>>> print(open('structure.txt').read())   # compact mmCIF, C-alpha atoms
# COMPACT_ATOMS: atom_id res chain seq x y z
CA MET A 1 -40.80 17.54 64.40
CA THR A 2 -42.44 17.33 67.82
CA ASP A 3 -42.17 20.47 69.96
CA THR A 4 -40.35 19.59 73.17
CA THR A 5 -40.22 23.12 74.61
CA PRO A 6 -41.35 23.12 78.27
CA THR A 7 -44.75 24.71 78.85
CA ILE A 8 -45.56 26.73 81.96
CA MET A 9 -48.71 24.91 83.10
CA THR A 10 -50.76 27.28 85.25
CA PRO A 11 -53.93 25.86 86.89
CA ALA A 12 -56.10 27.79 84.40
CA ARG A 13 -54.13 26.48 81.44
CA ARG A 14 -54.22 22.93 82.78
CA LEU A 15 -57.99 23.16 83.21
CA LYS A 16 -58.37 24.53 79.67
CA ASN A 17 -56.45 21.54 78.27
CA ILE A 18 -58.45 19.03 80.28
CA ILE A 19 -61.73 20.57 79.14
CA GLY A 20 -60.51 20.74 75.55
CA GLY A 21 -59.45 17.11 75.52
CA SER A 22 -62.70 16.05 77.15
CA ALA A 23 -64.83 17.97 74.63
CA GLY A 24 -63.21 16.05 71.80
CA ASN A 25 -63.80 12.77 73.59
CA LEU A 26 -67.49 13.65 73.91
CA VAL A 27 -67.86 14.03 70.14
CA GLU A 28 -65.96 10.79 69.50
CA TRP A 29 -68.36 8.86 71.69
CA PHE A 30 -71.45 10.66 70.42
CA ASP A 31 -70.59 9.32 66.96
CA TRP A 32 -69.79 5.86 68.31
CA PHE A 33 -72.98 5.51 70.35
CA ALA A 34 -75.27 7.04 67.73
CA TYR A 35 -75.00 3.67 65.99
CA ALA A 36 -76.23 1.82 69.07
CA ALA A 37 -78.96 4.35 69.91
CA PHE A 38 -80.50 4.36 66.42
CA THR A 39 -80.00 0.67 65.56
CA VAL A 40 -83.67 -0.22 66.10
CA TYR A 41 -84.59 2.21 63.32
CA PHE A 42 -81.96 1.62 60.65
CA ALA A 43 -81.59 -2.18 60.99
CA PRO A 44 -84.40 -2.81 58.43
CA VAL A 45 -82.82 -0.26 56.04
CA PHE A 46 -79.55 -2.19 55.71
CA PHE A 47 -80.87 -5.74 56.04
CA PRO A 48 -83.82 -7.53 54.38
CA LYS A 49 -87.02 -7.34 56.37
CA GLY A 50 -87.55 -10.23 58.75
CA GLU A 51 -87.83 -11.16 62.41
CA PRO A 52 -86.82 -8.13 64.56
CA THR A 53 -84.37 -10.02 66.76
CA ALA A 54 -82.60 -11.42 63.67
CA GLN A 55 -82.24 -7.91 62.24
CA LEU A 56 -80.84 -6.62 65.53
CA LEU A 57 -78.48 -9.59 65.55
CA SER A 58 -77.10 -8.55 62.14
CA THR A 59 -76.49 -4.94 63.20
CA ALA A 60 -75.02 -6.17 66.50
CA ALA A 61 -72.57 -8.30 64.51
CA ILE A 62 -71.38 -5.20 62.63
CA PHE A 63 -71.21 -3.36 65.98
CA ALA A 64 -68.93 -6.16 67.18
CA VAL A 65 -66.74 -5.88 64.05
CA GLY A 66 -66.20 -2.22 64.95
CA PHE A 67 -64.85 -3.43 68.27
CA LEU A 68 -62.60 -5.96 66.55
CA MET A 69 -60.95 -3.06 64.70
CA ARG A 70 -60.23 -1.32 67.98
CA PRO A 71 -57.10 -3.36 68.81
CA ILE A 72 -55.66 -2.41 65.41
CA GLY A 73 -56.51 1.25 66.03
CA ALA A 74 -55.09 0.99 69.55
CA TRP A 75 -51.87 -0.52 68.22
CA VAL A 76 -51.31 1.88 65.32
CA MET A 77 -52.42 5.08 67.03
CA GLY A 78 -51.07 4.11 70.43
CA VAL A 79 -47.59 3.88 68.89
CA TYR A 80 -48.29 7.12 67.00
CA ALA A 81 -49.31 8.96 70.20
CA ASP A 82 -46.25 7.65 72.07
CA ARG A 83 -43.89 8.72 69.28
CA LYS A 84 -45.54 11.87 67.88
CA GLY A 85 -47.45 13.12 70.92
CA ARG A 86 -50.78 12.75 72.70
CA LYS A 87 -52.22 15.76 70.85
CA ALA A 88 -51.32 14.24 67.47
CA GLY A 89 -53.05 10.97 68.38
CA LEU A 90 -56.20 12.79 69.51
CA THR A 91 -56.36 14.80 66.28
CA LEU A 92 -55.95 11.75 64.04
CA SER A 93 -58.61 9.74 65.88
CA VAL A 94 -61.32 12.40 65.52
CA SER A 95 -60.58 12.70 61.79
CA LEU A 96 -61.30 9.00 61.28
CA MET A 97 -64.49 9.21 63.31
CA CYS A 98 -65.72 12.09 61.15
CA ALA A 99 -65.19 10.08 57.97
CA GLY A 100 -66.96 6.99 59.36
CA SER A 101 -70.00 8.93 60.53
CA LEU A 102 -70.34 10.75 57.22
CA LEU A 103 -70.23 7.44 55.34
CA ILE A 104 -73.08 5.99 57.44
CA ALA A 105 -75.13 9.16 56.96
CA CYS A 106 -74.79 9.06 53.16
CA THR A 107 -75.07 5.32 52.41
CA PRO A 108 -78.30 4.29 50.58
CA GLY A 109 -80.34 1.37 51.94
CA TYR A 110 -80.47 -2.29 50.91
CA ALA A 111 -83.51 -1.67 48.71
CA THR A 112 -81.47 0.79 46.61
CA ILE A 113 -77.98 -0.71 46.32
CA GLY A 114 -78.45 -4.25 47.63
CA ILE A 115 -75.57 -6.00 49.38
CA ALA A 116 -73.39 -2.90 49.00
CA ALA A 117 -75.43 -1.21 51.75
CA PRO A 118 -74.39 -3.49 54.64
CA VAL A 119 -70.86 -3.67 53.18
CA LEU A 120 -70.52 0.13 53.33
CA LEU A 121 -72.01 0.10 56.84
CA LEU A 122 -69.35 -2.44 57.80
CA ILE A 123 -66.55 -0.28 56.33
CA ALA A 124 -67.83 2.78 58.21
CA ARG A 125 -67.88 0.88 61.50
CA MET A 126 -64.37 -0.40 60.83
CA MET A 127 -63.21 3.21 60.43
CA GLN A 128 -64.97 4.21 63.63
CA GLY A 129 -63.46 1.20 65.40
CA LEU A 130 -59.97 2.29 64.36
CA SER A 131 -60.75 5.78 65.63
CA VAL A 132 -62.09 4.78 69.03
CA GLY A 133 -59.31 2.24 69.47
CA GLY A 134 -56.77 5.05 69.26
CA GLU A 135 -58.94 7.58 71.09
CA TYR A 136 -59.10 5.67 74.35
CA GLY A 137 -55.36 5.36 74.89
CA SER A 138 -54.58 8.91 73.78
CA SER A 139 -57.40 10.40 75.83
CA ALA A 140 -56.73 8.38 78.99
CA THR A 141 -53.04 9.17 78.78
CA TYR A 142 -53.57 12.87 78.04
CA LEU A 143 -56.01 13.46 80.90
CA SER A 144 -53.96 11.43 83.39
CA GLU A 145 -50.70 13.19 82.49
CA MET A 146 -52.30 16.65 82.41
CA ALA A 147 -53.78 16.30 85.93
CA THR A 148 -51.78 16.69 89.14
CA ALA A 149 -51.13 13.69 91.38
CA LYS A 150 -53.46 14.74 94.19
CA ASP A 151 -56.54 14.97 91.95
CA ARG A 152 -55.66 12.61 89.10
CA GLY A 153 -58.56 10.25 89.81
CA PHE A 154 -61.02 13.17 89.77
CA TRP A 155 -59.84 14.70 86.48
CA SER A 156 -59.28 11.42 84.65
CA SER A 157 -62.87 10.43 85.49
CA PHE A 158 -63.94 13.06 82.97
CA GLN A 159 -63.02 10.60 80.25
CA TYR A 160 -66.12 8.62 81.19
CA VAL A 161 -68.09 11.79 81.94
CA THR A 162 -67.57 12.81 78.33
CA LEU A 163 -68.01 9.25 77.10
CA ILE A 164 -71.37 9.01 78.85
CA SER A 165 -72.23 12.54 77.74
CA GLY A 166 -71.72 11.48 74.15
CA GLN A 167 -74.04 8.53 74.62
CA LEU A 168 -76.51 10.70 76.48
CA LEU A 169 -76.53 13.32 73.74
CA ALA A 170 -77.20 10.59 71.20
CA LEU A 171 -80.15 9.41 73.30
CA MET A 172 -81.40 12.99 73.81
CA LEU A 173 -81.33 13.55 70.06
CA LEU A 174 -83.25 10.30 69.61
CA ILE A 175 -85.91 11.42 72.11
CA LEU A 176 -86.20 14.78 70.34
CA LEU A 177 -86.63 13.13 66.96
CA GLN A 178 -89.10 10.60 68.35
CA ARG A 179 -91.27 13.37 69.75
CA THR A 180 -91.03 15.78 66.83
CA LEU A 181 -90.83 13.56 63.73
CA GLY A 182 -92.30 10.27 64.93
CA GLU A 183 -91.52 6.60 64.35
CA ASP A 184 -92.26 6.55 60.59
CA ALA A 185 -89.87 9.40 59.77
CA LEU A 186 -87.16 7.89 61.96
CA SER A 187 -87.44 4.54 60.23
CA ASP A 188 -87.53 6.18 56.80
CA TRP A 189 -84.83 8.90 56.82
CA ALA A 190 -84.41 10.77 60.12
CA TRP A 191 -82.10 8.11 61.59
CA ARG A 192 -79.39 9.65 59.37
CA ILE A 193 -79.49 12.99 61.23
CA PRO A 194 -77.22 12.04 64.18
CA PHE A 195 -74.50 10.82 61.82
CA PHE A 196 -74.51 14.13 59.94
CA VAL A 197 -74.44 15.96 63.30
CA GLY A 198 -71.56 13.82 64.56
CA ALA A 199 -69.51 14.40 61.40
CA ALA A 200 -70.00 18.17 61.64
CA LEU A 201 -69.04 18.26 65.33
CA ALA A 202 -65.94 16.20 64.60
CA VAL A 203 -64.73 18.90 62.20
CA VAL A 204 -65.05 21.48 64.99
CA VAL A 205 -63.17 19.24 67.43
CA PHE A 206 -60.38 18.66 64.90
CA TRP A 207 -59.49 22.34 65.10
CA LEU A 208 -60.04 22.42 68.87
CA ARG A 209 -57.57 19.62 69.44
CA ARG A 210 -54.93 21.25 67.29
CA GLY A 211 -54.80 24.04 69.90
CA LEU A 212 -54.15 21.80 72.94
CA ASP A 213 -50.84 21.83 74.80
CA GLU A 214 -48.73 18.69 74.74
CA THR A 215 -48.24 17.00 78.13
CA THR A 216 -45.05 17.53 80.11
CA ALA A 217 -44.59 13.77 80.50
CA PHE A 218 -44.35 13.34 76.73
CA LYS A 219 -41.94 16.29 76.35
CA ASP A 220 -39.66 15.06 79.14
CA PRO A 221 -36.14 14.30 77.80
CA GLY A 222 -36.21 10.92 79.54
CA THR A 223 -39.28 9.94 77.56
CA ARG A 224 -37.64 10.97 74.29
CA ALA A 225 -34.50 8.93 75.09
CA ALA A 226 -36.44 5.79 76.12
CA PRO A 227 -36.96 2.82 73.75
CA LYS A 228 -39.43 3.46 70.94
CA SER A 229 -43.01 2.44 71.60
CA SER A 230 -43.98 -0.80 69.83
CA ALA A 231 -46.08 -3.90 70.38
CA LEU A 232 -42.89 -5.94 70.79
CA GLU A 233 -41.61 -3.54 73.47
CA LEU A 234 -44.95 -3.86 75.28
CA VAL A 235 -44.97 -7.67 75.19
CA LEU A 236 -41.32 -8.14 76.15
CA ARG A 237 -40.91 -5.38 78.77
CA HIS A 238 -44.41 -4.96 80.22
CA PRO A 239 -46.30 -8.28 79.87
CA LYS A 240 -47.58 -8.29 83.47
CA GLU A 241 -49.07 -4.81 83.18
CA ALA A 242 -50.68 -5.65 79.83
CA LEU A 243 -52.31 -8.74 81.32
CA ILE A 244 -53.52 -6.70 84.30
CA VAL A 245 -55.22 -4.26 81.92
CA ILE A 246 -56.98 -7.13 80.14
CA GLY A 247 -58.06 -8.69 83.42
CA LEU A 248 -59.37 -5.53 85.05
CA THR A 249 -61.18 -4.52 81.83
CA ALA A 250 -62.97 -7.78 80.97
CA GLY A 251 -65.74 -7.70 83.56
CA GLY A 252 -65.98 -3.93 83.73
CA THR A 253 -66.42 -3.35 80.01
CA LEU A 254 -68.91 -6.21 79.67
CA ALA A 255 -71.01 -4.80 82.52
CA PHE A 256 -70.75 -1.26 81.10
CA TYR A 257 -71.98 -2.21 77.64
CA THR A 258 -74.68 -4.43 79.09
CA TYR A 259 -76.19 -1.56 81.08
CA THR A 260 -75.65 1.14 78.45
CA THR A 261 -75.74 0.22 74.76
CA TYR A 262 -77.60 -3.08 75.20
CA LEU A 263 -80.00 -1.90 77.89
CA GLN A 264 -82.16 0.09 75.48
CA LYS A 265 -82.71 -2.99 73.31
CA PHE A 266 -83.23 -5.23 76.35
CA LEU A 267 -86.00 -2.97 77.64
CA THR A 268 -87.87 -3.15 74.32
CA ASN A 269 -87.03 -6.69 73.20
CA THR A 270 -87.39 -8.43 76.59
CA SER A 271 -89.17 -6.18 79.09
CA GLY A 272 -91.74 -5.03 76.52
CA PHE A 273 -91.38 -1.25 76.83
CA SER A 274 -91.94 0.93 73.77
CA LYS A 275 -88.88 2.31 71.97
CA ALA A 276 -89.61 5.78 73.34
CA GLN A 277 -90.01 4.51 76.94
CA ALA A 278 -86.79 2.48 76.72
CA THR A 279 -84.88 5.50 75.43
CA GLU A 280 -86.17 7.77 78.21
CA ILE A 281 -85.42 5.21 80.94
CA SER A 282 -81.88 4.75 79.62
CA ALA A 283 -81.29 8.48 79.27
CA ALA A 284 -82.44 9.28 82.82
CA ALA A 285 -80.25 6.57 84.35
CA LEU A 286 -77.26 7.57 82.23
CA PHE A 287 -77.56 11.22 83.25
CA LEU A 288 -77.20 10.40 86.96
CA PHE A 289 -74.49 7.85 86.13
CA MET A 290 -72.55 10.61 84.37
CA LEU A 291 -72.78 12.95 87.37
CA LEU A 292 -71.50 10.21 89.68
CA GLN A 293 -68.17 9.68 87.87
CA PRO A 294 -66.17 12.64 89.33
CA ALA A 295 -67.34 11.78 92.84
CA VAL A 296 -66.07 8.20 92.50
CA GLY A 297 -62.85 9.46 90.91
CA ALA A 298 -62.32 11.88 93.81
CA LEU A 299 -63.01 9.05 96.27
CA SER A 300 -60.19 7.05 94.68
CA ASP A 301 -57.86 10.02 95.27
CA ARG A 302 -58.61 9.71 98.98
CA ILE A 303 -58.82 5.96 99.65
CA GLY A 304 -56.96 4.52 96.65
CA ARG A 305 -57.96 2.93 93.35
CA LYS A 306 -57.99 -0.67 94.55
CA PRO A 307 -60.81 -0.46 97.16
CA VAL A 308 -63.09 1.26 94.63
CA MET A 309 -62.55 -1.44 92.00
CA ILE A 310 -63.01 -4.23 94.54
CA ALA A 311 -66.33 -2.68 95.57
CA PHE A 312 -67.49 -2.88 91.95
CA GLY A 313 -66.34 -6.49 91.69
CA VAL A 314 -68.09 -7.67 94.85
CA MET A 315 -71.35 -5.82 94.17
CA GLY A 316 -71.36 -6.89 90.53
CA LEU A 317 -70.83 -10.51 91.53
CA VAL A 318 -73.75 -10.42 93.96
CA CYS A 319 -76.25 -8.17 92.18
CA THR A 320 -76.01 -8.76 88.41
CA VAL A 321 -78.33 -11.77 88.15
CA PRO A 322 -81.02 -10.33 90.50
CA ILE A 323 -81.00 -6.97 88.70
CA MET A 324 -81.18 -8.42 85.18
CA SER A 325 -83.75 -11.06 86.12
CA THR A 326 -86.00 -8.45 87.71
CA LEU A 327 -85.59 -6.03 84.80
CA ALA A 328 -86.67 -8.78 82.40
CA VAL A 329 -90.13 -9.00 83.98
CA THR A 330 -90.55 -5.34 85.02
CA THR A 331 -93.43 -3.44 83.41
CA ASN A 332 -93.26 -0.28 85.53
CA PRO A 333 -91.03 2.43 83.94
CA PHE A 334 -89.96 3.89 87.30
CA ALA A 335 -88.96 0.48 88.61
CA ALA A 336 -86.97 -0.14 85.44
CA PHE A 337 -85.22 3.20 85.93
CA ILE A 338 -84.28 2.41 89.56
CA LEU A 339 -82.93 -1.01 88.61
CA SER A 340 -80.94 0.42 85.70
CA LEU A 341 -79.52 3.16 87.90
CA ALA A 342 -78.57 0.67 90.63
CA ALA A 343 -76.62 -1.36 88.09
CA LEU A 344 -74.84 1.74 86.78
CA VAL A 345 -73.94 2.92 90.30
CA ILE A 346 -72.20 -0.41 90.81
CA VAL A 347 -70.38 -0.16 87.46
CA SER A 348 -69.08 3.30 88.45
CA GLY A 349 -66.44 1.58 90.56
CA TYR A 350 -64.86 0.53 87.27
CA THR A 351 -65.76 3.31 84.83
CA ALA A 352 -64.71 6.32 86.92
CA ILE A 353 -61.12 5.21 87.49
CA ASN A 354 -60.18 2.55 84.94
CA ALA A 355 -58.43 5.09 82.69
CA VAL A 356 -56.14 6.47 85.41
CA VAL A 357 -55.39 2.99 86.79
CA LYS A 358 -54.17 1.84 83.37
CA ALA A 359 -52.17 5.01 82.76
CA GLU A 360 -50.47 4.71 86.16
CA LEU A 361 -49.26 1.20 85.31
CA PHE A 362 -46.95 2.23 82.44
CA PRO A 363 -43.92 4.53 81.92
CA ALA A 364 -44.46 7.52 79.63
CA HIS A 365 -42.63 6.23 76.54
CA ILE A 366 -45.13 3.38 76.08
CA ARG A 367 -48.09 4.64 78.09
CA ALA A 368 -50.56 5.37 75.26
CA LEU A 369 -49.97 1.96 73.67
CA GLY A 370 -49.93 0.16 77.03
CA VAL A 371 -53.27 1.69 77.98
CA ALA A 372 -54.89 1.30 74.58
CA LEU A 373 -53.91 -2.09 73.14
CA PRO A 374 -54.66 -4.50 76.04
CA TYR A 375 -57.85 -2.54 76.77
CA ALA A 376 -58.93 -2.73 73.13
CA ILE A 377 -58.32 -6.48 73.04
CA ALA A 378 -60.46 -7.02 76.14
CA ASN A 379 -63.08 -4.63 74.79
CA ALA A 380 -63.25 -6.42 71.46
CA VAL A 381 -63.64 -9.82 73.09
CA PHE A 382 -66.08 -8.85 75.84
CA GLY A 383 -67.54 -5.37 75.31
CA GLY A 384 -67.95 -5.52 71.55
CA THR A 385 -69.66 -8.91 71.62
CA ALA A 386 -71.97 -8.10 74.55
CA GLU A 387 -75.02 -7.31 72.40
CA TYR A 388 -74.41 -10.20 70.02
CA VAL A 389 -74.01 -12.75 72.83
CA ALA A 390 -77.06 -11.41 74.68
CA LEU A 391 -79.25 -11.51 71.55
CA TRP A 392 -77.95 -14.96 70.63
CA PHE A 393 -78.94 -16.33 74.04
CA LYS A 394 -82.37 -14.70 73.66
CA LEU A 395 -82.88 -16.09 70.17
CA ASP A 396 -81.93 -19.52 71.53
CA GLY A 397 -84.47 -19.20 74.36
CA ARG A 398 -81.88 -19.12 77.16
CA GLU A 399 -81.53 -15.42 77.90
CA SER A 400 -80.87 -15.90 81.62
CA LEU A 401 -77.53 -17.55 80.82
CA TYR A 402 -76.29 -14.17 79.65
CA PHE A 403 -76.82 -12.78 83.17
CA TRP A 404 -74.56 -15.51 84.56
CA TYR A 405 -71.98 -14.86 81.85
CA VAL A 406 -71.72 -11.20 82.92
CA THR A 407 -71.44 -12.28 86.55
CA ALA A 408 -68.64 -14.74 85.78
CA MET A 409 -66.59 -12.12 83.92
CA ILE A 410 -66.99 -9.63 86.77
CA GLY A 411 -65.71 -12.36 89.07
CA ILE A 412 -62.58 -12.77 86.94
CA SER A 413 -61.95 -9.03 87.08
CA LEU A 414 -62.46 -9.07 90.84
CA ILE A 415 -59.59 -11.54 91.16
CA THR A 416 -57.41 -9.11 89.20
CA TYR A 417 -58.39 -6.20 91.47
CA VAL A 418 -57.52 -8.17 94.60
CA LEU A 419 -54.11 -9.31 93.31
CA MET A 420 -52.86 -6.10 91.63
CA ARG A 421 -51.07 -3.21 93.33
CA ASP A 422 -52.86 0.03 94.15
CA THR A 423 -51.65 2.33 91.38
CA LYS A 424 -52.36 5.50 93.34
CA ALA A 425 -49.61 4.62 95.80
CA LYS A 426 -47.20 3.33 93.13
CA SER A 427 -48.00 5.42 90.06
CA LEU A 428 -45.50 5.61 87.19
CA ILE A 429 -46.81 9.01 86.11
CA VAL A 430 -44.14 11.50 87.12
CA GLU A 431 -45.42 14.78 88.60
CA ASP A 432 -44.72 17.96 86.60
>>> encode(input="structure.txt", output="structure tokens")
Amino acid sequence: MTDTTPTIMTPARRLKNIIGGSAGNLVEWFDWFAYAAFTVYFAPVFFPKGEPTAQLLSTAAIFAVGFLMRPIGAWVMGVYADRKGRKAGLTLSVSLMCAGSLLIACTPGYATIGIAAPVLLLIARMMQGLSVGGEYGSSATYLSEMATAKDRGFWSSFQYVTLISGQLLALMLLILLQRTLGEDALSDWAWRIPFFVGAALAVVVFWLRRGLDETTAFKDPGTRAAPKSSALELVLRHPKEALIVIGLTAGGTLAFYTYTTYLQKFLTNTSGFSKAQATEISAAALFLFMLLQPAVGALSDRIGRKPVMIAFGVMGLVCTVPIMSTLAVTTNPFAAFILSLAALVIVSGYTAINAVVKAELFPAHIRALGVALPYAIANAVFGGTAEYVALWFKLDGRESLYFWYVTAMIGISLITYVLMRDTKAKSLIVED
């Protein structure tokens, strides 16, 4: 039975919970992004040797399948978190991530077990997709409900701080392995190391999350007496909010995955940088991007969520094609870093506050599901397919069309930002 006893939430205790929830999110995303960061090394292990872009296309397809599992994870674990508690949802999601990472780490290559190798890789990514699908809604809801109204944008931005930290740690580990073990060892066996590390860290986080306090919003008697969370309840009672989440996510998530997970491959496969150079450029830009998130979140606490998102939409609409086109022909590492950072600064208008905006749209009894499921659908359609679509355009000799595709989706999200209410002023998260 869920504990509904009120908790005295002192500032120190609130901060402890926010840090604890964020630390778990970091490990979740380290495991998720380790796949993207090490793809260039393990693609030949799971697929027959051939043209490099074709191999990357195969691993990108499995990456996309992981995203397609995210709506299922968002649905199942969103309902679970709304009914059993945010803490319960967070604990379950990290358990699934641990199992998926361990499976990737232990699976033999195609040369050893044939077609079973990519099949097991697919199963592992499906498990990780289920995990991350549930993680987003539970984490966004937990951080938003745990923070106070006056600084909710600031504290909820730590969801992307930890998300980016996880990706950054995966890249840092890659740089370390590149410099200490070299390309041959990475291609042969060392690419398995991050998946073992991620599985081990997930075990630690499992116990960490079991010690978190439940949020007051979930324990509130009104939440317990409200209709049970379900997909039908979401569709029938909150269709407008669900569509808003899909609309505001589409362009933002596509831009985010273009300039994070795909950027490393773009810099090697199109710009011509070495794998090591591409990793270092991405890591440096991501580090500054990570530091920027709380500042943008705090800005939204002062001026509102809507102006910040509109700024991303307008700048993304104007700058995406010039930035990507210039990056494609850039040979100077510093210039590539500046361009990558400029793109990420623009995307911060979405990443820093998207979690709190979605949480503020829904009442507590269906908040985790309302945040997670529409987001996961948009992420599966646009974020999860970003690499595959980009590589397909490149393989077809029309890579520049991908730049326009990203621009068009940002434009659609911009329309959503302009038409929706400012959730800071009309938040449905009730203050403790």
>>> atom_distance(input="structure.txt", atom1="atom CA of A:Leu168", atom2="atom CA of A:Glu387")
18.5 Å
>>> closest_atom_pairs(input="structure.txt", of="stretch 19-91 of chain A", to="stretch 117-141 of chain A", cutoff="8 Å", atoms="all atoms listed in the file", output="Markdown table")
| residue | atom | partner | partner_atom | distance |
| --- | --- | --- | --- | --- |
| A:Gly21 | CA | A:Ser139 | CA | 7.0 |
| A:Ser22 | CA | A:Ser139 | CA | 7.9 |
| A:Asn25 | CA | A:Ser139 | CA | 7.2 |
| A:Glu28 | CA | A:Val132 | CA | 7.2 |
| A:Trp29 | CA | A:Val132 | CA | 7.9 |
| A:Trp32 | CA | A:Gln128 | CA | 6.9 |
| A:Phe46 | CA | A:Pro118 | CA | 5.4 |
| A:Phe47 | CA | A:Pro118 | CA | 7.0 |
| A:Ile62 | CA | A:Leu122 | CA | 5.9 |
| A:Phe63 | CA | A:Arg125 | CA | 7.0 |
| A:Val65 | CA | A:Met126 | CA | 6.8 |
| A:Gly66 | CA | A:Gly129 | CA | 4.4 |
| A:Phe67 | CA | A:Gly129 | CA | 5.6 |
| A:Leu68 | CA | A:Gly129 | CA | 7.3 |
| A:Met69 | CA | A:Gly129 | CA | 5.0 |
| A:Arg70 | CA | A:Gly133 | CA | 4.0 |
| A:Pro71 | CA | A:Gly133 | CA | 6.1 |
| A:Ile72 | CA | A:Leu130 | CA | 6.5 |
| A:Gly73 | CA | A:Leu130 | CA | 4.0 |
| A:Ala74 | CA | A:Gly133 | CA | 4.4 |
| A:Trp75 | CA | A:Gly134 | CA | 7.5 |
| A:Val76 | CA | A:Gly134 | CA | 7.4 |
| A:Met77 | CA | A:Gly134 | CA | 4.9 |
| A:Gly78 | CA | A:Gly134 | CA | 5.9 |
| A:Ala81 | CA | A:Ser138 | CA | 6.4 |
| A:Arg86 | CA | A:Ser138 | CA | 5.5 |
| A:Lys87 | CA | A:Ser138 | CA | 7.8 |
| A:Gly89 | CA | A:Ser138 | CA | 6.0 |
| A:Leu90 | CA | A:Ser138 | CA | 6.0 |
>>> residues_around(input="structure.txt", residues="stretch 170-180 of chain A", least_positions_apart="6", cutoff="12 Å", atoms="all atoms listed in the file", output="VMD selection string")
chain A and resid 26 to 41 163 to 164 186 to 187 189 to 195 197 to 198 260 to 261 264 274 to 287
>>> residues_near_point(input="structure.txt", point="(-55.8, 25.0, 79.0)", cutoff="12 Å", atoms="all atoms listed in the file", output="VMD selection string")
chain A and resid 7 to 22 143 146 to 147 208 to 209 211 to 215
>>> atom_distance(input="structure.txt", atom1="atom CA of A:Ala99", atom2="atom CA of A:Lys84")
22.1 Å
>>> atom_distance(input="structure.txt", atom1="atom CA of A:Ser325", atom2="atom CA of A:Thr249")
23.9 Å
>>> closest_residue(input="structure.txt", among="A:Ser300, A:Ala250, A:Ala295, A:Gly397", to="A:Thr270", atoms="only C-alpha atoms")
A:Gly397
>>> closest_residue(input="structure.txt", among="A:Ala149, A:Val296, A:Leu201, A:Cys106", to="A:Val94", atoms="only C-alpha atoms")
A:Leu201
>>> closest_atom_pairs(input="structure.txt", of="stretch 231-285 of chain A", to="stretch 420-423 of chain A", cutoff="10 Å", atoms="all atoms listed in the file", output="tab-separated table")
residue	atom	partner	partner_atom	distance
A:Lys240	CA	A:Met420	CA	10.0
A:Glu241	CA	A:Met420	CA	9.4
A:Ile244	CA	A:Met420	CA	7.4
A:Leu248	CA	A:Met420	CA	9.3
